[in-house]
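Participant: Coordinates in query15.tsv, TSV, C-alpha atoms and all ligand atoms, are listed below.
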chain	number	residue	atom	x	y	z
A	217	MET	CA	5.89	12.42	-3.65
A	218	ASN	CA	6.55	12.13	-7.38
A	219	GLU	CA	4.75	15.01	-9.14
A	220	ASN	CA	5.83	13.55	-12.47
A	221	LEU	CA	4.51	10.01	-12.15
A	222	ILE	CA	4.50	8.41	-15.59
A	223	GLN	CA	1.19	6.74	-16.39
A	224	THR	CA	0.96	4.41	-19.32
A	225	SER	CA	-1.06	1.49	-20.65
A	226	SER	CA	1.50	0.73	-23.35
A	227	ILE	CA	4.10	-2.06	-23.10
A	228	GLU	CA	6.22	-0.25	-25.69
A	229	THR	CA	6.29	2.94	-23.61
A	230	VAL	CA	7.37	1.03	-20.48
A	231	LYS	CA	10.13	-0.62	-22.50
A	232	GLN	CA	11.38	2.75	-23.75
A	233	TYR	CA	11.69	4.11	-20.21
A	234	VAL	CA	13.30	0.86	-19.05
A	235	LYS	CA	15.89	1.10	-21.82
A	236	GLU	CA	16.71	4.70	-20.92
A	237	TRP	CA	17.03	3.82	-17.20
A	238	LYS	CA	19.07	0.67	-17.81
A	239	ASP	CA	21.39	2.48	-20.24
A	240	SER	CA	22.17	4.96	-17.46
A	241	GLY	CA	23.12	2.08	-15.14
A	242	ALA	CA	20.12	2.55	-12.83
A	243	THR	CA	18.33	-0.22	-10.92
A	244	ILE	CA	14.62	-0.94	-11.32
A	245	GLY	CA	12.15	-2.31	-8.76
A	246	LEU	CA	8.81	-3.81	-9.80
A	247	VAL	CA	5.66	-4.03	-7.67
A	248	PRO	CA	2.99	-6.13	-9.39
A	249	THR	CA	-0.56	-5.36	-8.19
A	250	MET	CA	-4.18	-5.67	-9.25
A	251	GLY	CA	-4.93	-2.11	-8.13
A	252	PHE	CA	-7.41	-0.78	-5.55
A	253	LEU	CA	-4.29	-0.08	-3.56
A	254	HIS	CA	-4.09	0.05	0.24
A	255	GLU	CA	-1.37	0.21	2.90
A	256	GLY	CA	-0.28	-3.35	2.12
A	257	HIS	CA	0.62	-2.35	-1.43
A	258	ALA	CA	2.08	0.93	-0.13
A	259	SER	CA	4.52	-0.98	2.10
A	260	LEU	CA	5.82	-2.89	-0.94
A	261	ILE	CA	6.20	0.33	-2.96
A	262	ALA	CA	7.99	2.05	-0.06
A	263	ARG	CA	10.50	-0.80	0.19
A	264	ALA	CA	11.01	-0.80	-3.59
A	265	VAL	CA	11.60	2.97	-3.63
A	266	GLU	CA	14.13	2.57	-0.83
A	267	GLU	CA	16.10	-0.12	-2.64
A	268	ASN	CA	15.97	0.94	-6.32
A	269	ASP	CA	16.61	3.99	-8.50
A	270	TYR	CA	13.30	3.60	-10.37
A	271	VAL	CA	10.11	1.80	-9.37
A	272	ILE	CA	7.43	0.48	-11.71
A	273	VAL	CA	4.04	-0.40	-10.20
A	274	SER	CA	1.81	-2.50	-12.41
A	275	ASP	CA	-1.92	-2.04	-11.88
A	276	PHE	CA	-3.69	-4.79	-13.79
A	277	VAL	CA	-6.61	-7.05	-12.91
A	278	ASN	CA	-5.19	-10.08	-14.65
A	279	PRO	CA	-8.08	-11.97	-16.28
A	280	ILE	CA	-6.20	-15.25	-16.77
A	281	GLN	CA	-5.80	-15.82	-13.02
A	282	PHE	CA	-9.57	-15.78	-12.41
A	283	GLY	CA	-11.71	-18.92	-12.77
A	284	PRO	CA	-15.03	-18.76	-14.67
A	285	THR	CA	-17.11	-18.36	-11.50
A	286	GLU	CA	-14.76	-15.92	-9.76
A	287	ASP	CA	-14.97	-12.15	-9.26
A	288	LEU	CA	-13.15	-10.79	-12.35
A	289	GLU	CA	-16.02	-8.47	-13.31
A	290	THR	CA	-16.73	-7.19	-9.82
A	291	TYR	CA	-13.13	-6.92	-8.56
A	292	PRO	CA	-12.86	-3.37	-7.09
A	293	ARG	CA	-11.09	-0.77	-9.21
A	294	ASP	CA	-10.12	2.89	-8.63
A	295	PHE	CA	-7.29	3.90	-10.93
A	296	GLU	CA	-7.32	7.57	-10.00
A	297	ALA	CA	-6.84	6.82	-6.29
A	298	ASP	CA	-4.14	4.28	-7.20
A	299	CYS	CA	-2.20	6.91	-9.19
A	300	HIS	CA	-2.39	9.25	-6.24
A	301	LEU	CA	-1.00	6.67	-3.81
A	302	VAL	CA	1.72	5.51	-6.20
A	303	ALA	CA	2.85	9.12	-6.78
A	304	GLN	CA	2.75	9.79	-3.06
A	305	MET	CA	4.97	6.77	-2.38
A	306	GLY	CA	7.55	8.11	-4.85
A	307	ALA	CA	7.36	5.42	-7.56
A	308	SER	CA	8.39	6.40	-11.08
A	309	LEU	CA	5.82	4.77	-13.34
A	310	ILE	CA	2.40	3.15	-13.11
A	311	PHE	CA	1.66	0.60	-15.81
A	312	HIS	CA	-2.07	0.07	-16.37
A	313	PRO	CA	-2.50	-2.08	-19.48
A	314	THR	CA	-5.74	-3.38	-20.93
A	315	PRO	CA	-6.18	-7.17	-21.19
A	316	GLU	CA	-5.82	-6.75	-24.99
A	317	GLU	CA	-2.48	-4.99	-24.55
A	318	MET	CA	-1.21	-7.84	-22.36
A	319	TYR	CA	-2.65	-10.84	-24.21
A	320	GLY	CA	-3.74	-9.73	-27.70
A	321	LYS	CA	-6.13	-12.06	-29.50
A	322	ASP	CA	-4.03	-15.17	-29.78
A	323	PHE	CA	-2.03	-15.79	-26.62
A	324	PHE	CA	-0.85	-19.41	-26.26
A	325	THR	CA	2.03	-19.47	-23.76
A	326	HIS	CA	1.63	-20.22	-20.06
A	327	ILE	CA	3.99	-20.82	-17.14
A	328	TYR	CA	3.01	-23.56	-14.75
A	329	VAL	CA	4.91	-24.40	-11.56
A	330	ASP	CA	4.02	-28.03	-10.96
A	331	GLU	CA	3.32	-29.53	-7.48
A	332	MET	CA	3.08	-26.16	-5.73
A	333	SER	CA	0.22	-24.79	-7.85
A	334	GLN	CA	-2.37	-27.49	-7.10
A	335	LYS	CA	-2.13	-27.26	-3.31
A	336	LEU	CA	-3.77	-24.90	-0.79
A	337	CYS	CA	-5.61	-22.24	-2.86
A	338	GLY	CA	-4.84	-24.23	-6.01
A	339	GLU	CA	-7.31	-26.93	-4.99
A	340	SER	CA	-10.29	-24.65	-5.40
A	341	ARG	CA	-8.59	-22.31	-7.93
A	342	PRO	CA	-6.92	-24.72	-10.38
A	343	ILE	CA	-5.82	-22.17	-13.02
A	344	HIS	CA	-5.01	-19.34	-10.62
A	345	PHE	CA	-1.25	-19.73	-10.19
A	346	GLN	CA	-0.68	-20.46	-13.86
A	347	GLY	CA	-2.27	-17.07	-14.56
A	348	VAL	CA	-0.17	-15.42	-11.84
A	349	CYS	CA	3.11	-16.92	-13.05
A	350	THR	CA	2.39	-16.07	-16.67
A	351	VAL	CA	1.61	-12.41	-15.95
A	352	CYS	CA	4.59	-12.08	-13.59
A	353	MET	CA	6.92	-13.58	-16.19
A	354	LYS	CA	5.65	-11.02	-18.72
A	355	LEU	CA	6.03	-8.17	-16.22
A	356	PHE	CA	9.56	-9.30	-15.29
A	357	HIS	CA	10.55	-9.16	-18.97
A	358	ILE	CA	8.77	-5.90	-19.77
A	359	SER	CA	10.26	-4.13	-16.73
A	360	GLU	CA	13.70	-5.84	-16.75
A	361	ALA	CA	13.49	-5.24	-13.00
A	362	ASN	CA	16.43	-6.06	-10.74
A	363	ARG	CA	14.00	-6.79	-7.91
A	364	ALA	CA	10.30	-7.58	-7.62
A	365	TYR	CA	8.32	-7.10	-4.40
A	366	PHE	CA	5.60	-9.47	-3.19
A	367	GLY	CA	3.60	-9.57	0.03
A	368	GLN	CA	3.59	-12.53	2.36
A	369	LYS	CA	-0.18	-11.94	2.47
A	370	ASP	CA	-0.24	-14.15	-0.63
A	371	ALA	CA	2.32	-16.59	0.74
A	372	GLN	CA	1.65	-19.37	-1.75
A	373	GLN	CA	2.09	-16.90	-4.61
A	374	LEU	CA	5.39	-15.71	-3.13
A	375	ALA	CA	6.69	-19.27	-2.71
A	376	ILE	CA	5.67	-20.22	-6.27
A	377	ILE	CA	7.20	-17.11	-7.84
A	378	ARG	CA	10.44	-17.75	-5.94
A	379	ARG	CA	10.45	-21.31	-7.28
A	380	MET	CA	9.75	-20.14	-10.84
A	381	VAL	CA	12.67	-17.70	-10.64
A	382	ARG	CA	14.94	-20.42	-9.27
A	383	ASP	CA	13.84	-23.15	-11.67
A	384	LEU	CA	14.03	-20.95	-14.77
A	385	ASN	CA	17.23	-19.09	-13.72
A	386	LEU	CA	15.56	-15.69	-14.02
A	387	ASN	CA	17.81	-12.77	-13.35
A	388	ILE	CA	15.64	-11.06	-10.74
A	389	GLU	CA	15.61	-10.94	-6.95
A	390	ILE	CA	12.27	-11.68	-5.29
A	391	VAL	CA	11.73	-9.67	-2.12
A	392	GLY	CA	9.07	-10.90	0.32
A	393	CYS	CA	7.41	-8.26	2.53
A	394	PRO	CA	5.45	-8.74	5.80
A	395	ILE	CA	1.66	-8.75	6.03
A	396	ILE	CA	0.13	-5.35	6.82
A	397	ARG	CA	-2.96	-5.62	9.04
A	398	GLU	CA	-5.80	-3.44	10.22
A	399	GLU	CA	-5.50	-2.36	13.85
A	400	ASP	CA	-7.73	-5.23	14.96
A	401	GLY	CA	-5.63	-7.80	13.10
A	402	LEU	CA	-7.55	-8.33	9.84
A	403	ALA	CA	-5.04	-8.62	7.00
A	404	LYS	CA	-5.52	-5.73	4.59
A	405	SER	CA	-6.93	-6.82	1.25
A	406	SER	CA	-8.70	-5.21	-1.69
A	407	ARG	CA	-11.35	-7.92	-1.23
A	408	ASN	CA	-12.14	-6.73	2.34
A	409	THR	CA	-14.52	-4.29	0.64
A	410	TYR	CA	-16.76	-7.33	-0.01
A	411	LEU	CA	-17.38	-7.56	3.76
A	412	LYS	CA	-20.62	-5.61	3.65
A	413	THR	CA	-22.13	-6.01	7.11
A	414	LYS	CA	-20.78	-5.24	10.57
A	415	GLN	CA	-21.32	-8.89	11.47
A	416	GLU	CA	-19.22	-10.10	8.52
A	417	ARG	CA	-16.45	-7.63	9.31
A	418	GLU	CA	-16.35	-8.82	12.92
A	419	ALA	CA	-16.54	-12.48	11.94
A	420	ALA	CA	-13.56	-11.96	9.60
A	421	LEU	CA	-11.34	-11.52	12.67
A	422	ILE	CA	-11.62	-15.25	13.29
A	423	LEU	CA	-8.77	-15.84	10.83
A	424	HIS	CA	-6.39	-13.69	12.83
A	425	HIS	CA	-7.60	-15.20	16.10
A	426	ALA	CA	-6.89	-18.69	14.77
A	427	LEU	CA	-3.34	-17.67	13.78
A	428	THR	CA	-2.79	-16.09	17.19
A	429	LYS	CA	-3.92	-19.34	18.79
A	430	ALA	CA	-1.48	-21.30	16.60
A	431	LEU	CA	1.38	-18.99	17.54
A	432	GLU	CA	0.59	-19.33	21.24
A	433	MET	CA	0.64	-23.13	20.99
A	434	TYR	CA	3.89	-23.03	19.02
A	435	GLU	CA	5.48	-20.72	21.58
A	436	ASP	CA	4.35	-23.10	24.32
A	437	GLY	CA	6.37	-25.81	22.58
A	438	GLU	CA	3.74	-27.64	20.50
A	439	ARG	CA	5.36	-28.96	17.31
A	440	ARG	CA	2.70	-31.40	16.01
A	441	ALA	CA	1.06	-29.70	13.03
A	442	SER	CA	-2.13	-31.79	13.36
A	443	VAL	CA	-2.68	-30.65	16.95
A	444	ILE	CA	-2.25	-26.98	16.05
A	445	LEU	CA	-4.47	-27.27	12.95
A	446	GLU	CA	-7.19	-29.04	14.94
A	447	ALA	CA	-7.23	-26.27	17.57
A	448	MET	CA	-7.47	-23.64	14.81
A	449	THR	CA	-10.31	-25.56	13.16
A	450	GLN	CA	-12.24	-25.84	16.42
A	451	LEU	CA	-11.85	-22.13	17.04
A	452	ILE	CA	-13.01	-21.13	13.56
A	453	MET	CA	-16.02	-23.43	13.86
A	454	THR	CA	-17.25	-21.35	16.80
A	455	GLU	CA	-17.92	-18.52	14.34
A	456	PRO	CA	-21.30	-19.16	12.67
A	457	LEU	CA	-20.55	-17.02	9.59
A	458	ALA	CA	-17.27	-18.81	8.84
A	459	THR	CA	-16.78	-21.84	6.59
A	460	ILE	CA	-13.31	-23.35	6.25
A	461	ASP	CA	-12.00	-23.91	2.73
A	462	TYR	CA	-8.64	-25.21	4.01
A	463	ILE	CA	-6.21	-24.89	6.92
A	464	GLN	CA	-2.84	-26.50	6.30
A	465	ALA	CA	0.75	-26.59	7.49
A	466	VAL	CA	3.35	-26.96	4.74
A	467	ALA	CA	7.08	-26.50	4.28
A	468	TRP	CA	7.64	-22.83	3.44
A	469	ASP	CA	9.94	-23.33	0.47
A	470	SER	CA	8.30	-26.33	-1.25
A	471	LEU	CA	4.71	-26.21	0.09
A	472	GLN	CA	4.92	-29.96	0.76
A	473	ASP	CA	2.84	-31.32	3.65
A	474	ILE	CA	4.61	-31.65	6.97
A	475	GLU	CA	3.69	-33.37	10.23
A	476	VAL	CA	6.21	-31.90	12.64
A	477	ILE	CA	7.19	-28.24	12.68
A	478	GLU	CA	10.96	-28.30	12.55
A	479	GLU	CA	11.82	-26.12	9.58
A	480	PRO	CA	10.25	-22.84	8.43
A	481	VAL	CA	6.59	-23.82	8.11
A	482	LEU	CA	3.72	-21.95	6.51
A	483	ILE	CA	0.38	-22.20	8.28
A	484	ALA	CA	-2.09	-21.06	5.64
A	485	MET	CA	-5.83	-20.91	5.44
A	486	ALA	CA	-8.75	-19.83	3.32
A	487	VAL	CA	-12.03	-19.22	5.12
A	488	LYS	CA	-15.31	-18.00	3.74
A	489	VAL	CA	-17.00	-15.37	5.87
A	490	GLY	CA	-20.54	-15.24	4.56
A	491	PRO	CA	-19.95	-15.09	0.80
A	492	VAL	CA	-16.43	-13.61	1.06
A	493	ARG	CA	-13.40	-15.87	0.70
A	494	LEU	CA	-10.47	-14.57	2.78
A	495	ILE	CA	-6.92	-15.87	3.09
A	496	ASP	CA	-4.39	-15.39	5.85
A	497	ASN	CA	-1.23	-17.09	7.03
A	498	MET	CA	1.80	-17.11	9.28
A	499	ILE	CA	5.30	-18.48	8.95
A	500	LEU	CA	6.73	-20.38	11.92
A	501	ASP	CA	10.50	-20.55	11.99
A	502	ARG	CA	12.40	-22.95	14.16
A	503	ALA	CA	12.61	-21.23	17.56
B	1	LIG	P1	-2.96	-7.77	-5.17
B	1	LIG	O1	-3.23	-6.41	-5.71
B	1	LIG	O2	-3.97	-8.23	-4.18
B	1	LIG	O3	-2.70	-8.78	-6.27
B	1	LIG	O4	-1.62	-7.67	-4.35
B	1	LIG	C1	-0.44	-7.16	-4.93
B	1	LIG	C2	0.72	-7.41	-4.00
B	1	LIG	O5	0.47	-6.75	-2.76
B	1	LIG	C3	0.92	-8.90	-3.69
B	1	LIG	O6	2.32	-9.19	-3.65
B	1	LIG	C4	0.29	-9.03	-2.33
B	1	LIG	O7	0.82	-10.09	-1.56
B	1	LIG	C5	0.63	-7.69	-1.72
B	1	LIG	N1	-0.29	-7.42	-0.61
B	1	LIG	C6	-1.65	-7.41	-0.64
B	1	LIG	N2	-2.15	-7.20	0.60
B	1	LIG	C7	-1.09	-7.09	1.43
B	1	LIG	C8	-0.95	-6.88	2.84
B	1	LIG	N3	-2.00	-6.76	3.64
B	1	LIG	N4	0.29	-6.82	3.35
B	1	LIG	C9	1.39	-6.96	2.56
B	1	LIG	N5	1.33	-7.17	1.22
B	1	LIG	C10	0.10	-7.22	0.66
What would you get if you wrote out this structure as structure tokens?
Ligand code: AMP
Facilitator:
Amino acid sequence: MNENLIQTSSIETVKQYVKEWKDSGATIGLVPTMGFLHEGHASLIARAVEENDYVIVSDFVNPIQFGPTEDLETYPRDFEADCHLVAQMGASLIFHPTPEEMYGKDFFTHIYVDEMSQKLCGESRPIHFQGVCTVCMKLFHISEANRAYFGQKDAQQLAIIRRMVRDLNLNIEIVGCPIIREEDGLAKSSRNTYLKTKQEREAALILHHALTKALEMYEDGERRASVILEAMTQLIMTEPLATIDYIQAVAWDSLQDIEVIEEPVLIAMAVKVGPVRLIDNMILDRA
């Protein structure tokens, strides 16, 4: 528990603390979030606290990663509860800027990781990863973090950020952390609050069931991606409330399509349950 959690919405204030910490030779961990924090975020913060002298958690619903018809306005927010959790986890500072603080009135610069940003979620969310990379680049610079922590829950995001860091020679280590799930298998997500009815909540388990099916087939020796994806598709189609956006198998580092699973492969999907779009995934390593 950090009784003295620093809360600020000012970039300048973060930079002052960062300078003080860096001058003393300390290491800094960064956990970028959009707030409405849950145990998934907490696991990232815990790891960051373990591995760094100071931890900055950013809590910012980043407008430039939302498309015009997406849920920017309705995205759940609870800053007070977030501060409580961040203090409890022992982080040093929570950074909660306004969109104006981050982007001012005349922001022109964007980071775009080609190839990887149009696939999977990028097909239905064409500007999403450009917004993610741009905000992460800003946060990396503001925080001067030694390490930044990302969940595998957003596997495409993690792969793209890793590629951005590699391609642009950024001096930061990207740490990927496992997916935290509810007891019944649903991946924890701030957007789970959109699952309003008992039926939707139950139907949402179909994502996890499909991944379990894929893992079983893989463990039984199946290596043809198309066969595994077809079985997952058939299973999801048995759930009347579910509509598949995509289910794909891609190489984990490049997100390029693959046919045979013989390197670390990401099986990723987006499925709408009623009106709620959920994502989930699994990484299959060579066994
Ligand atoms: P968000 O606030 O949804 O943008 O997520 C902030 C960070 O927390 C991202 O790196 C996510 O991948 C990570 N995260 C969200 N949900 C989970 C989860 N269930 N398990 C692990 N990490 C998560």
Participant: Using all atoms listed in the file, what are the residues with an atom within 6 Å of ligand LIG 1 (chain B), set out as a list of chain:residue names?
Facilitator: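 What falls inside 6 Å of ligand LIG 1 (chain B) is A:Pro248, A:Thr249, A:Met250, A:Gly251, A:Gly256, A:His257, A:Phe366, A:Gly367, A:Gln368, A:Lys369, A:Asp370, A:Pro394, A:Ile395, A:Ile396, A:Arg397, A:Ala403, A:Lys404, A:Ser405.
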Participant: Could you check the closest approach to Thr325 (chain A) for each of A:Thr229, A:Ser308, A:Gln346, A:Gln281 and tell me which residue wins, using all atoms listed in the file?
Facilitator: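 For Thr325 (chain A), the nearest of the candidates is A:Gln346.
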Participant: In Å, with one decimal, what is the gap from CA of Glu418 (chain A) to CA of Trp468 (chain A)?
Facilitator: 29.4 Å
Participant: For Glu236 (chain A), which residue among A:Ser359, A:Asn385, A:Ala420, A:Asn268 is the nearest when counting all atoms listed in the file?
Facilitator: A:Ser359
Participant: So how far away is CA of Lys488 (chain A) from CA of Lys414 (chain A), in Å?
Facilitator: 15.5 Å
Participant: Using only C-alpha atoms for the distances, tell me which of A:Arg263, A:His357, A:Leu221, A:Leu374 is nearest to His300 (chain A).
Facilitator: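 Between A:Arg263, A:His357, A:Leu221, A:Leu374, the residue approaching His300 (chain A) most closely is A:Leu221.
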Participant: Counting all atoms listed in the file, which of A:Ser442, A:Cys299, A:Val234, A:Asp330 gets nearest to Asp383 (chain A)?
Facilitator: A:Asp330
Participant: Would you pick out the contacts of Leu482 (chain A) at 7 Å or less, using only C-alpha atoms, so that residues sharing its chain but fewer than 4 positions from it are not included, and give the list as a list in words?
Facilitator: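 Residues meeting the cut-off are Ala465, Val466, Ala467, Trp468, Asn497, Met498, Ile499 and Leu500 of chain A.
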Participant: Next, write the just-selected residues to a file, as a compact mmCIF listing (two decimals), keeping the file's coordinate frame, keeping C-alpha atoms as the atom set.
Facilitator:
# COMPACT_ATOMS: atom_id res chain seq x y z
CA ALA A 465 0.75 -26.59 7.49
CA VAL A 466 3.35 -26.96 4.74
CA ALA A 467 7.08 -26.50 4.28
CA TRP A 468 7.64 -22.83 3.44
CA ASN A 497 -1.23 -17.09 7.03
CA MET A 498 1.80 -17.11 9.28
CA ILE A 499 5.30 -18.48 8.95
CA LEU A 500 6.73 -20.38 11.92
Participant: For each of A:His344, A:Lys238, A:Arg293, A:His254, take the minimum atom-to-atom distance to Val329 (chain A), counting all atoms listed in the file, then give the residue where this is smallest.
Facilitator: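 Going through A:His344, A:Lys238, A:Arg293, A:His254 one by one, the smallest distance to Val329 (chain A) is for A:His344.
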Participant: Of the residues A:Val489, A:Ile310, A:Met353, A:Met433, which is the one nearest to Arg417 (chain A), using all atoms listed in the file?
Facilitator: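 Between A:Val489, A:Ile310, A:Met353, A:Met433, the residue approaching Arg417 (chain A) most closely is A:Val489.
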Participant: Just give me the residues with any atom within 10 Å of (-18.9, -18.3, 12.0), file coordinates, counting only C-alpha atoms, written as a list in words.
Facilitator: Gln415, Glu416, Glu418, Ala419, Ala420, Ile422, Leu451, Ile452, Met453, Thr454, Glu455, Pro456, Leu457, Ala458, Thr459, Ile460, Val487, Lys488, Val489 and Gly490 of chain A
Participant: Grab the CA of Pro342 (chain A) to CA of Glu317 (chain A) distance for me, in Å with one decimal place.
Facilitator: 24.7 Å
